[in-house]
Every structure is written in C-alpha cells, then in structure tokens.
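Chemist: Contents are compact mmCIF, N, CA and C atoms; file name model31.txt:
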```
# COMPACT_ATOMS: atom_id res chain seq x y z
N MET A 18 -42.50 -8.49 -1.61
CA MET A 18 -41.40 -8.12 -0.76
C MET A 18 -40.49 -7.16 -1.53
N ARG A 19 -40.11 -6.09 -0.91
CA ARG A 19 -39.31 -5.05 -1.53
C ARG A 19 -37.86 -5.23 -1.11
N MET A 20 -36.94 -5.28 -2.09
CA MET A 20 -35.52 -5.47 -1.82
C MET A 20 -34.82 -4.14 -1.55
N LEU A 21 -35.19 -3.13 -2.28
CA LEU A 21 -34.59 -1.81 -2.14
C LEU A 21 -35.66 -0.80 -1.75
N PRO A 22 -35.28 0.24 -1.04
CA PRO A 22 -36.26 1.30 -0.77
C PRO A 22 -36.75 1.90 -2.09
N GLN A 23 -37.94 2.44 -2.07
CA GLN A 23 -38.56 2.99 -3.28
C GLN A 23 -37.66 4.01 -3.96
N GLU A 24 -37.01 4.89 -3.21
CA GLU A 24 -36.19 5.93 -3.83
C GLU A 24 -34.96 5.33 -4.54
N ASP A 25 -34.46 4.17 -4.06
CA ASP A 25 -33.31 3.54 -4.72
C ASP A 25 -33.73 2.76 -5.96
N GLU A 26 -34.95 2.22 -5.95
CA GLU A 26 -35.43 1.46 -7.10
C GLU A 26 -35.55 2.34 -8.34
N ASN A 27 -35.94 3.56 -8.18
CA ASN A 27 -36.17 4.43 -9.31
C ASN A 27 -34.96 5.29 -9.67
N ASP A 28 -33.80 4.88 -9.21
CA ASP A 28 -32.58 5.63 -9.49
C ASP A 28 -32.04 5.25 -10.87
N ASP A 29 -32.62 5.82 -11.90
CA ASP A 29 -32.20 5.54 -13.27
C ASP A 29 -31.34 6.65 -13.84
N THR A 30 -30.72 7.44 -12.99
CA THR A 30 -29.94 8.57 -13.48
C THR A 30 -28.64 8.14 -14.15
N ALA A 31 -28.10 7.01 -13.78
CA ALA A 31 -26.85 6.56 -14.37
C ALA A 31 -27.14 5.72 -15.61
N GLU A 32 -26.63 6.16 -16.72
CA GLU A 32 -26.81 5.44 -17.97
C GLU A 32 -25.67 4.44 -18.12
N VAL A 33 -25.99 3.22 -18.56
CA VAL A 33 -24.98 2.19 -18.75
C VAL A 33 -24.37 2.36 -20.14
N THR A 34 -23.11 2.72 -20.17
CA THR A 34 -22.40 2.89 -21.43
C THR A 34 -21.78 1.56 -21.85
N TRP A 35 -21.26 1.54 -23.04
CA TRP A 35 -20.57 0.34 -23.54
C TRP A 35 -19.39 0.01 -22.63
N GLU A 36 -18.65 1.01 -22.20
CA GLU A 36 -17.50 0.80 -21.32
C GLU A 36 -17.94 0.22 -19.98
N ASP A 37 -19.06 0.74 -19.46
CA ASP A 37 -19.60 0.20 -18.20
C ASP A 37 -19.95 -1.27 -18.35
N GLN A 38 -20.60 -1.58 -19.47
CA GLN A 38 -20.99 -2.98 -19.70
C GLN A 38 -19.76 -3.88 -19.81
N GLN A 39 -18.70 -3.37 -20.43
CA GLN A 39 -17.46 -4.13 -20.53
C GLN A 39 -16.86 -4.36 -19.13
N ARG A 40 -16.94 -3.37 -18.27
CA ARG A 40 -16.44 -3.52 -16.89
C ARG A 40 -17.27 -4.56 -16.14
N ILE A 41 -18.57 -4.50 -16.31
CA ILE A 41 -19.45 -5.47 -15.65
C ILE A 41 -19.13 -6.88 -16.15
N ASN A 42 -18.96 -7.04 -17.44
CA ASN A 42 -18.61 -8.34 -18.00
C ASN A 42 -17.26 -8.82 -17.48
N SER A 43 -16.30 -7.92 -17.41
CA SER A 43 -14.98 -8.28 -16.88
C SER A 43 -15.08 -8.74 -15.44
N PHE A 44 -15.86 -8.02 -14.65
CA PHE A 44 -16.05 -8.41 -13.25
C PHE A 44 -16.64 -9.82 -13.17
N SER A 45 -17.64 -10.09 -13.99
CA SER A 45 -18.29 -11.40 -13.98
C SER A 45 -17.30 -12.50 -14.36
N LYS A 46 -16.50 -12.26 -15.38
CA LYS A 46 -15.50 -13.25 -15.80
C LYS A 46 -14.47 -13.49 -14.70
N LEU A 47 -14.02 -12.41 -14.06
CA LEU A 47 -13.05 -12.54 -12.97
C LEU A 47 -13.65 -13.30 -11.79
N ASN A 48 -14.91 -13.03 -11.51
CA ASN A 48 -15.59 -13.71 -10.42
C ASN A 48 -15.68 -15.22 -10.69
N THR A 49 -16.03 -15.58 -11.90
CA THR A 49 -16.10 -16.99 -12.29
C THR A 49 -14.72 -17.63 -12.21
N ARG A 50 -13.72 -16.94 -12.72
CA ARG A 50 -12.35 -17.44 -12.69
C ARG A 50 -11.89 -17.65 -11.24
N LEU A 51 -12.21 -16.71 -10.38
CA LEU A 51 -11.83 -16.81 -8.97
C LEU A 51 -12.49 -18.02 -8.33
N ARG A 52 -13.76 -18.26 -8.60
CA ARG A 52 -14.45 -19.43 -8.03
C ARG A 52 -13.80 -20.73 -8.51
N ASN A 53 -13.43 -20.78 -9.79
CA ASN A 53 -12.77 -21.98 -10.32
C ASN A 53 -11.41 -22.19 -9.66
N ILE A 54 -10.66 -21.12 -9.47
CA ILE A 54 -9.36 -21.21 -8.82
C ILE A 54 -9.52 -21.70 -7.39
N GLU A 55 -10.52 -21.17 -6.69
CA GLU A 55 -10.76 -21.59 -5.31
C GLU A 55 -11.12 -23.07 -5.23
N GLU A 56 -11.90 -23.56 -6.20
CA GLU A 56 -12.24 -24.99 -6.23
C GLU A 56 -10.98 -25.83 -6.44
N LYS A 57 -10.13 -25.42 -7.37
CA LYS A 57 -8.89 -26.15 -7.62
C LYS A 57 -8.00 -26.13 -6.38
N MET A 58 -7.93 -24.98 -5.72
CA MET A 58 -7.11 -24.87 -4.52
C MET A 58 -7.63 -25.82 -3.44
N GLN A 59 -8.93 -25.91 -3.29
CA GLN A 59 -9.51 -26.80 -2.29
C GLN A 59 -9.11 -28.25 -2.58
N GLY A 60 -9.19 -28.65 -3.84
CA GLY A 60 -8.79 -30.01 -4.21
C GLY A 60 -7.32 -30.26 -3.96
N LEU A 61 -6.48 -29.28 -4.29
CA LEU A 61 -5.05 -29.44 -4.06
C LEU A 61 -4.72 -29.47 -2.57
N LYS A 62 -5.45 -28.73 -1.76
CA LYS A 62 -5.22 -28.76 -0.31
C LYS A 62 -5.55 -30.13 0.25
N GLN A 63 -6.61 -30.74 -0.24
CA GLN A 63 -6.96 -32.08 0.21
C GLN A 63 -5.88 -33.08 -0.21
N GLU A 64 -5.40 -32.92 -1.45
CA GLU A 64 -4.34 -33.79 -1.93
C GLU A 64 -3.06 -33.60 -1.11
N LYS A 65 -2.79 -32.36 -0.74
CA LYS A 65 -1.61 -32.06 0.07
C LYS A 65 -1.72 -32.72 1.44
N GLU A 66 -2.90 -32.66 2.04
CA GLU A 66 -3.11 -33.32 3.32
C GLU A 66 -2.87 -34.82 3.22
N ALA A 67 -3.36 -35.42 2.13
CA ALA A 67 -3.16 -36.85 1.93
C ALA A 67 -1.67 -37.16 1.77
N LEU A 68 -0.96 -36.32 1.02
CA LEU A 68 0.48 -36.53 0.84
C LEU A 68 1.23 -36.34 2.15
N ASP A 69 0.80 -35.38 2.95
CA ASP A 69 1.43 -35.17 4.26
C ASP A 69 1.24 -36.38 5.16
N ASP A 70 0.04 -36.95 5.13
CA ASP A 70 -0.22 -38.16 5.91
C ASP A 70 0.65 -39.31 5.42
N LEU A 71 0.73 -39.46 4.11
CA LEU A 71 1.55 -40.52 3.53
C LEU A 71 3.02 -40.30 3.85
N SER A 72 3.44 -39.07 3.83
CA SER A 72 4.83 -38.74 4.16
C SER A 72 5.14 -39.16 5.59
N MET A 73 4.22 -38.90 6.49
CA MET A 73 4.42 -39.29 7.90
C MET A 73 4.54 -40.80 8.01
N GLU A 74 3.70 -41.51 7.27
CA GLU A 74 3.76 -42.98 7.29
C GLU A 74 5.09 -43.47 6.73
N LEU A 75 5.56 -42.82 5.67
CA LEU A 75 6.84 -43.22 5.08
C LEU A 75 8.00 -42.99 6.04
N GLU A 76 7.94 -41.90 6.79
CA GLU A 76 9.00 -41.62 7.74
C GLU A 76 9.03 -42.67 8.85
N LEU A 77 7.88 -43.22 9.20
CA LEU A 77 7.81 -44.23 10.25
C LEU A 77 8.11 -45.63 9.74
N ALA A 78 8.05 -45.84 8.43
CA ALA A 78 8.29 -47.16 7.84
C ALA A 78 9.79 -47.49 7.89
N GLU A 79 10.06 -48.76 7.86
CA GLU A 79 11.45 -49.21 7.87
C GLU A 79 12.06 -49.05 6.49
N ASP A 80 13.36 -48.77 6.47
CA ASP A 80 14.04 -48.47 5.21
C ASP A 80 14.14 -49.66 4.25
N ASP A 81 14.12 -50.88 4.77
CA ASP A 81 14.30 -52.04 3.90
C ASP A 81 13.00 -52.59 3.35
N GLN A 82 11.88 -52.03 3.75
CA GLN A 82 10.58 -52.51 3.26
C GLN A 82 10.18 -51.76 1.99
N PRO A 83 9.67 -52.49 1.00
CA PRO A 83 9.15 -51.79 -0.19
C PRO A 83 7.87 -51.04 0.19
N VAL A 84 7.66 -49.94 -0.48
CA VAL A 84 6.52 -49.07 -0.20
C VAL A 84 5.47 -49.28 -1.28
N GLN A 85 4.21 -49.47 -0.84
CA GLN A 85 3.13 -49.63 -1.82
C GLN A 85 2.97 -48.34 -2.61
N GLY A 86 2.47 -48.46 -3.83
CA GLY A 86 2.33 -47.31 -4.71
C GLY A 86 1.21 -46.37 -4.31
N TRP A 87 1.25 -45.16 -4.85
CA TRP A 87 0.22 -44.14 -4.67
C TRP A 87 0.20 -43.30 -5.93
N ARG A 88 -0.93 -42.69 -6.22
CA ARG A 88 -1.11 -41.82 -7.38
C ARG A 88 -0.60 -42.47 -8.67
N GLY A 89 -0.86 -43.75 -8.81
CA GLY A 89 -0.47 -44.42 -10.04
C GLY A 89 1.00 -44.84 -10.09
N VAL A 90 1.70 -44.73 -8.96
CA VAL A 90 3.11 -45.11 -8.90
C VAL A 90 3.19 -46.53 -8.37
N PRO A 91 3.93 -47.42 -9.05
CA PRO A 91 4.03 -48.79 -8.56
C PRO A 91 4.85 -48.86 -7.27
N ALA A 92 4.76 -49.99 -6.60
CA ALA A 92 5.53 -50.19 -5.37
C ALA A 92 7.01 -50.00 -5.67
N SER A 93 7.73 -49.39 -4.73
CA SER A 93 9.14 -49.10 -4.95
C SER A 93 9.89 -49.14 -3.62
N PRO A 94 11.22 -49.18 -3.69
CA PRO A 94 12.02 -49.16 -2.46
C PRO A 94 11.77 -47.87 -1.67
N HIS A 95 12.02 -47.93 -0.38
CA HIS A 95 11.73 -46.82 0.54
C HIS A 95 12.43 -45.53 0.10
N SER A 96 13.71 -45.59 -0.25
CA SER A 96 14.45 -44.36 -0.60
C SER A 96 13.87 -43.71 -1.85
N ARG A 97 13.50 -44.52 -2.83
CA ARG A 97 12.91 -43.97 -4.05
C ARG A 97 11.53 -43.38 -3.76
N ALA A 98 10.78 -44.04 -2.90
CA ALA A 98 9.45 -43.54 -2.54
C ALA A 98 9.58 -42.20 -1.81
N MET A 99 10.56 -42.07 -0.94
CA MET A 99 10.76 -40.80 -0.22
C MET A 99 11.12 -39.67 -1.18
N LYS A 100 11.98 -39.96 -2.16
CA LYS A 100 12.35 -38.94 -3.15
C LYS A 100 11.13 -38.54 -3.97
N ARG A 101 10.34 -39.52 -4.36
CA ARG A 101 9.14 -39.26 -5.15
C ARG A 101 8.16 -38.41 -4.32
N MET A 102 8.02 -38.75 -3.06
CA MET A 102 7.12 -38.01 -2.17
C MET A 102 7.56 -36.55 -2.07
N GLU A 103 8.84 -36.32 -1.87
CA GLU A 103 9.35 -34.95 -1.77
C GLU A 103 9.10 -34.18 -3.05
N ARG A 104 9.32 -34.84 -4.19
CA ARG A 104 9.09 -34.18 -5.47
C ARG A 104 7.61 -33.85 -5.66
N ASP A 105 6.73 -34.81 -5.31
CA ASP A 105 5.29 -34.57 -5.43
C ASP A 105 4.84 -33.43 -4.52
N GLN A 106 5.37 -33.39 -3.31
CA GLN A 106 5.01 -32.32 -2.39
C GLN A 106 5.49 -30.96 -2.91
N ALA A 107 6.69 -30.92 -3.47
CA ALA A 107 7.21 -29.66 -4.02
C ALA A 107 6.34 -29.19 -5.19
N GLU A 108 5.97 -30.12 -6.08
CA GLU A 108 5.11 -29.77 -7.22
C GLU A 108 3.76 -29.24 -6.74
N LEU A 109 3.21 -29.90 -5.74
CA LEU A 109 1.92 -29.50 -5.20
C LEU A 109 2.01 -28.12 -4.56
N ASN A 110 3.07 -27.86 -3.82
CA ASN A 110 3.27 -26.54 -3.21
C ASN A 110 3.42 -25.47 -4.28
N ASN A 111 4.13 -25.77 -5.37
CA ASN A 111 4.28 -24.81 -6.46
C ASN A 111 2.94 -24.52 -7.12
N GLU A 112 2.15 -25.56 -7.34
CA GLU A 112 0.83 -25.38 -7.94
C GLU A 112 -0.05 -24.51 -7.05
N LEU A 113 -0.04 -24.81 -5.75
CA LEU A 113 -0.84 -24.02 -4.81
C LEU A 113 -0.39 -22.57 -4.79
N SER A 114 0.90 -22.35 -4.82
CA SER A 114 1.45 -21.00 -4.82
C SER A 114 1.01 -20.23 -6.06
N THR A 115 1.04 -20.89 -7.20
CA THR A 115 0.62 -20.28 -8.45
C THR A 115 -0.86 -19.91 -8.39
N LEU A 116 -1.68 -20.82 -7.87
CA LEU A 116 -3.11 -20.56 -7.78
C LEU A 116 -3.41 -19.42 -6.81
N VAL A 117 -2.67 -19.35 -5.71
CA VAL A 117 -2.86 -18.27 -4.75
C VAL A 117 -2.55 -16.93 -5.42
N THR A 118 -1.48 -16.89 -6.19
CA THR A 118 -1.11 -15.66 -6.90
C THR A 118 -2.19 -15.27 -7.89
N ARG A 119 -2.71 -16.24 -8.65
CA ARG A 119 -3.76 -15.95 -9.62
C ARG A 119 -5.02 -15.46 -8.92
N ALA A 120 -5.35 -16.06 -7.78
CA ALA A 120 -6.54 -15.64 -7.03
C ALA A 120 -6.36 -14.21 -6.53
N GLU A 121 -5.19 -13.88 -6.05
CA GLU A 121 -4.94 -12.52 -5.57
C GLU A 121 -5.04 -11.50 -6.71
N GLU A 122 -4.55 -11.88 -7.90
CA GLU A 122 -4.66 -10.99 -9.05
C GLU A 122 -6.11 -10.75 -9.42
N CYS A 123 -6.92 -11.81 -9.40
CA CYS A 123 -8.35 -11.68 -9.69
C CYS A 123 -9.01 -10.77 -8.67
N GLU A 124 -8.72 -10.98 -7.39
CA GLU A 124 -9.34 -10.18 -6.34
C GLU A 124 -8.95 -8.71 -6.47
N THR A 125 -7.71 -8.43 -6.80
CA THR A 125 -7.26 -7.06 -6.98
C THR A 125 -8.01 -6.39 -8.12
N SER A 126 -8.10 -7.08 -9.25
CA SER A 126 -8.82 -6.53 -10.40
C SER A 126 -10.29 -6.32 -10.08
N MET A 127 -10.88 -7.26 -9.36
CA MET A 127 -12.29 -7.15 -9.00
C MET A 127 -12.52 -5.95 -8.08
N LYS A 128 -11.62 -5.72 -7.14
CA LYS A 128 -11.76 -4.57 -6.24
C LYS A 128 -11.70 -3.27 -7.02
N GLU A 129 -10.79 -3.18 -7.99
CA GLU A 129 -10.69 -1.97 -8.81
C GLU A 129 -11.98 -1.74 -9.60
N LEU A 130 -12.52 -2.81 -10.17
CA LEU A 130 -13.77 -2.69 -10.93
C LEU A 130 -14.94 -2.32 -10.01
N LYS A 131 -14.96 -2.88 -8.81
CA LYS A 131 -16.03 -2.54 -7.86
C LYS A 131 -16.02 -1.05 -7.54
N VAL A 132 -14.82 -0.52 -7.29
CA VAL A 132 -14.72 0.90 -6.95
C VAL A 132 -15.29 1.75 -8.08
N THR A 133 -14.90 1.44 -9.30
CA THR A 133 -15.35 2.19 -10.47
C THR A 133 -16.86 2.07 -10.66
N LEU A 134 -17.37 0.84 -10.59
CA LEU A 134 -18.79 0.61 -10.86
C LEU A 134 -19.68 1.14 -9.74
N TYR A 135 -19.27 0.96 -8.49
CA TYR A 135 -20.07 1.49 -7.38
C TYR A 135 -20.04 3.01 -7.37
N ALA A 136 -18.93 3.59 -7.81
CA ALA A 136 -18.86 5.06 -7.86
C ALA A 136 -19.90 5.60 -8.84
N LYS A 137 -20.11 4.89 -9.94
CA LYS A 137 -21.04 5.38 -10.93
C LYS A 137 -22.49 4.97 -10.63
N PHE A 138 -22.69 3.72 -10.21
CA PHE A 138 -24.05 3.20 -10.08
C PHE A 138 -24.57 3.13 -8.65
N GLY A 139 -23.72 3.25 -7.68
CA GLY A 139 -24.15 3.19 -6.29
C GLY A 139 -24.88 1.90 -5.97
N ARG A 140 -26.04 2.03 -5.35
CA ARG A 140 -26.83 0.87 -4.96
C ARG A 140 -27.58 0.24 -6.12
N ALA A 141 -27.54 0.84 -7.26
CA ALA A 141 -28.27 0.31 -8.41
C ALA A 141 -27.61 -0.96 -8.98
N ILE A 142 -26.40 -1.26 -8.51
CA ILE A 142 -25.70 -2.44 -9.00
C ILE A 142 -25.25 -3.26 -7.79
N ASN A 143 -25.30 -4.56 -7.93
CA ASN A 143 -24.87 -5.45 -6.85
C ASN A 143 -23.75 -6.33 -7.38
N LEU A 144 -22.58 -6.16 -6.83
CA LEU A 144 -21.42 -6.93 -7.27
C LEU A 144 -20.95 -7.92 -6.22
N ASP A 145 -21.77 -8.12 -5.19
CA ASP A 145 -21.43 -9.08 -4.14
C ASP A 145 -22.23 -10.35 -4.36
N GLU A 146 -21.70 -11.42 -3.81
CA GLU A 146 -22.40 -12.70 -3.93
C GLU A 146 -23.60 -12.74 -3.03
```
As structure tokens, how would this structure be written, given the file I've shared?
Modeler:
Amino acid sequence: MRMLPQEDENDDTAEVTWEDQQRINSFSKLNTRLRNIEEKMQGLKQEKEALDDLSMELELAEDDQPVQGWRGVPASPHSRAMKRMERDQAELNNELSTLVTRAEECETSMKELKVTLYAKFGRAINLDE
C-alpha cells in the first residue's frame, strides 16, 4: 500500500540541517507537553465536576449538621466546609486557568514551527497526529 504518490516519495530536494532537526525536536517536545497538559486538564475538569456536585449538596444541607469529609478533610461544621469548598474551587479554577494558558502557548509555538517546517519540507514531513 502506497501512502504518498510516487513523485512525493522521491522528493529529497530538501536537506535536513541541524537547525531543522532542532525545530523538529522542539515540535515533538511541545506536542508531548501539550498531551500531558491536556491529560491533567481532563483530570482537573472531572475533579471540578465532583466539587460542583458536592457544593450543590452542601448548599442543600442544613447549617447545623456536620459535613462529612472529602479529599482527606475530616468532618467539619457546615460553615467551615463551605469555606473550604470555595477555597478548593478557587484553587482548582486557578490551576485550570494556568494549564489552559500553558496549552495555548504550546499550540502557538507548534503552529509557528509547523509553518516553518512545512514551508521547507512540504509533504515530506508529517507534523499531524
């Protein structure tokens, strides 16, 4: 089975320089970093959903009832649990925001490298998943 047309397979006109190889390596590192960031973001989103559900339950609970612990926090009075919940949600939102920024930076750098590498190598290089 042939992946590329015959004329594209034999396109050896572009020589890979040391700088080109460094760009390719940088792209690969950024791609790996982006995948790791996306995995972390997915985990944090699930944790955020769980905290949102717990927050809803806390809002419906009575103020004089102690609240069972979560995330390694022992049972505590309702007001303290609500404050802890708000703090945990704020921390989680900050973490997510930081990861989104890092992911955007990776994507921007990857796009710049793609433009440079595709301009030189055309179809001879594949930078897509």
Chemist: At a cut-off of 12 Å, using only C-alpha atoms, what residues contact A:Leu144? Leave out same-chain residues fewer than 4 positions from it and give the result as a list in words.
Modeler: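 My list of contacting residues is Arg40, Ile41, Asn42, Ser43, Phe44, Ser45, Leu47, Asn48, Met127, Lys128, Glu129, Leu130, Lys131, Val132, Thr133, Leu134, Tyr135, Phe138, Gly139 and Arg140 of chain A.
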Chemist: Quick one: pull the distance between atom CA of A:Glu124 and atom CA of A:Trp35, Å, one decimal.
Modeler: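 Calculated distance between atom CA of A:Glu124 and atom CA of A:Trp35 is 23.1 Å.
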Chemist: To one decimal in Å, tell me the separation between atom CA of A:Val117 and atom CA of A:Ile54.
Modeler: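 Rounded to one decimal, the two atoms are 8.2 Å apart.
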Chemist: Show which residues sit within 8 Å of stretch 66-81 of chain A, as an MDAnalysis selection string. Count all atoms listed in the file, and ignore same-chain residues fewer than 2 positions away.
Modeler: chainID A and resid 60:64 83:84 94:96 98:99 102:103 105:106
Chemist: Could you turn the residues from that selection into a file that holds N, CA and C atoms, as a compact mmCIF listing (two decimals), in the frame of the given file?
Modeler:
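The new file result-v5.txt reads:
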```txt
# COMPACT_ATOMS: atom_id res chain seq x y z
N GLY A 60 -9.19 -28.65 -3.84
CA GLY A 60 -8.79 -30.01 -4.21
C GLY A 60 -7.32 -30.26 -3.96
N LEU A 61 -6.48 -29.28 -4.29
CA LEU A 61 -5.05 -29.44 -4.06
C LEU A 61 -4.72 -29.47 -2.57
N LYS A 62 -5.45 -28.73 -1.76
CA LYS A 62 -5.22 -28.76 -0.31
C LYS A 62 -5.55 -30.13 0.25
N GLN A 63 -6.61 -30.74 -0.24
CA GLN A 63 -6.96 -32.08 0.21
C GLN A 63 -5.88 -33.08 -0.21
N GLU A 64 -5.40 -32.92 -1.45
CA GLU A 64 -4.34 -33.79 -1.93
C GLU A 64 -3.06 -33.60 -1.11
N PRO A 83 9.67 -52.49 1.00
CA PRO A 83 9.15 -51.79 -0.19
C PRO A 83 7.87 -51.04 0.19
N VAL A 84 7.66 -49.94 -0.48
CA VAL A 84 6.52 -49.07 -0.20
C VAL A 84 5.47 -49.28 -1.28
N PRO A 94 11.22 -49.18 -3.69
CA PRO A 94 12.02 -49.16 -2.46
C PRO A 94 11.77 -47.87 -1.67
N HIS A 95 12.02 -47.93 -0.38
CA HIS A 95 11.73 -46.82 0.54
C HIS A 95 12.43 -45.53 0.10
N SER A 96 13.71 -45.59 -0.25
CA SER A 96 14.45 -44.36 -0.60
C SER A 96 13.87 -43.71 -1.85
N ALA A 98 10.78 -44.04 -2.90
CA ALA A 98 9.45 -43.54 -2.54
C ALA A 98 9.58 -42.20 -1.81
N MET A 99 10.56 -42.07 -0.94
CA MET A 99 10.76 -40.80 -0.22
C MET A 99 11.12 -39.67 -1.18
N MET A 102 8.02 -38.75 -3.06
CA MET A 102 7.12 -38.01 -2.17
C MET A 102 7.56 -36.55 -2.07
N GLU A 103 8.84 -36.32 -1.87
CA GLU A 103 9.35 -34.95 -1.77
C GLU A 103 9.10 -34.18 -3.05
N ASP A 105 6.73 -34.81 -5.31
CA ASP A 105 5.29 -34.57 -5.43
C ASP A 105 4.84 -33.43 -4.52
N GLN A 106 5.37 -33.39 -3.31
CA GLN A 106 5.01 -32.32 -2.39
C GLN A 106 5.49 -30.96 -2.91
```
Chemist: Under the rule that all atoms listed in the file are counted, which of A:Ile142, A:Leu116, A:Ser126, A:Asn111 is the nearest residue to A:Glu55?
Modeler: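 Nearest to A:Glu55: A:Leu116.
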Chemist: So how many Å separate atom CA of A:Lys65 and atom CA of A:Leu109, to one decimal?
Modeler: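 One can read the atom CA of A:Lys65 to atom CA of A:Leu109 distance as 6.8 Å.
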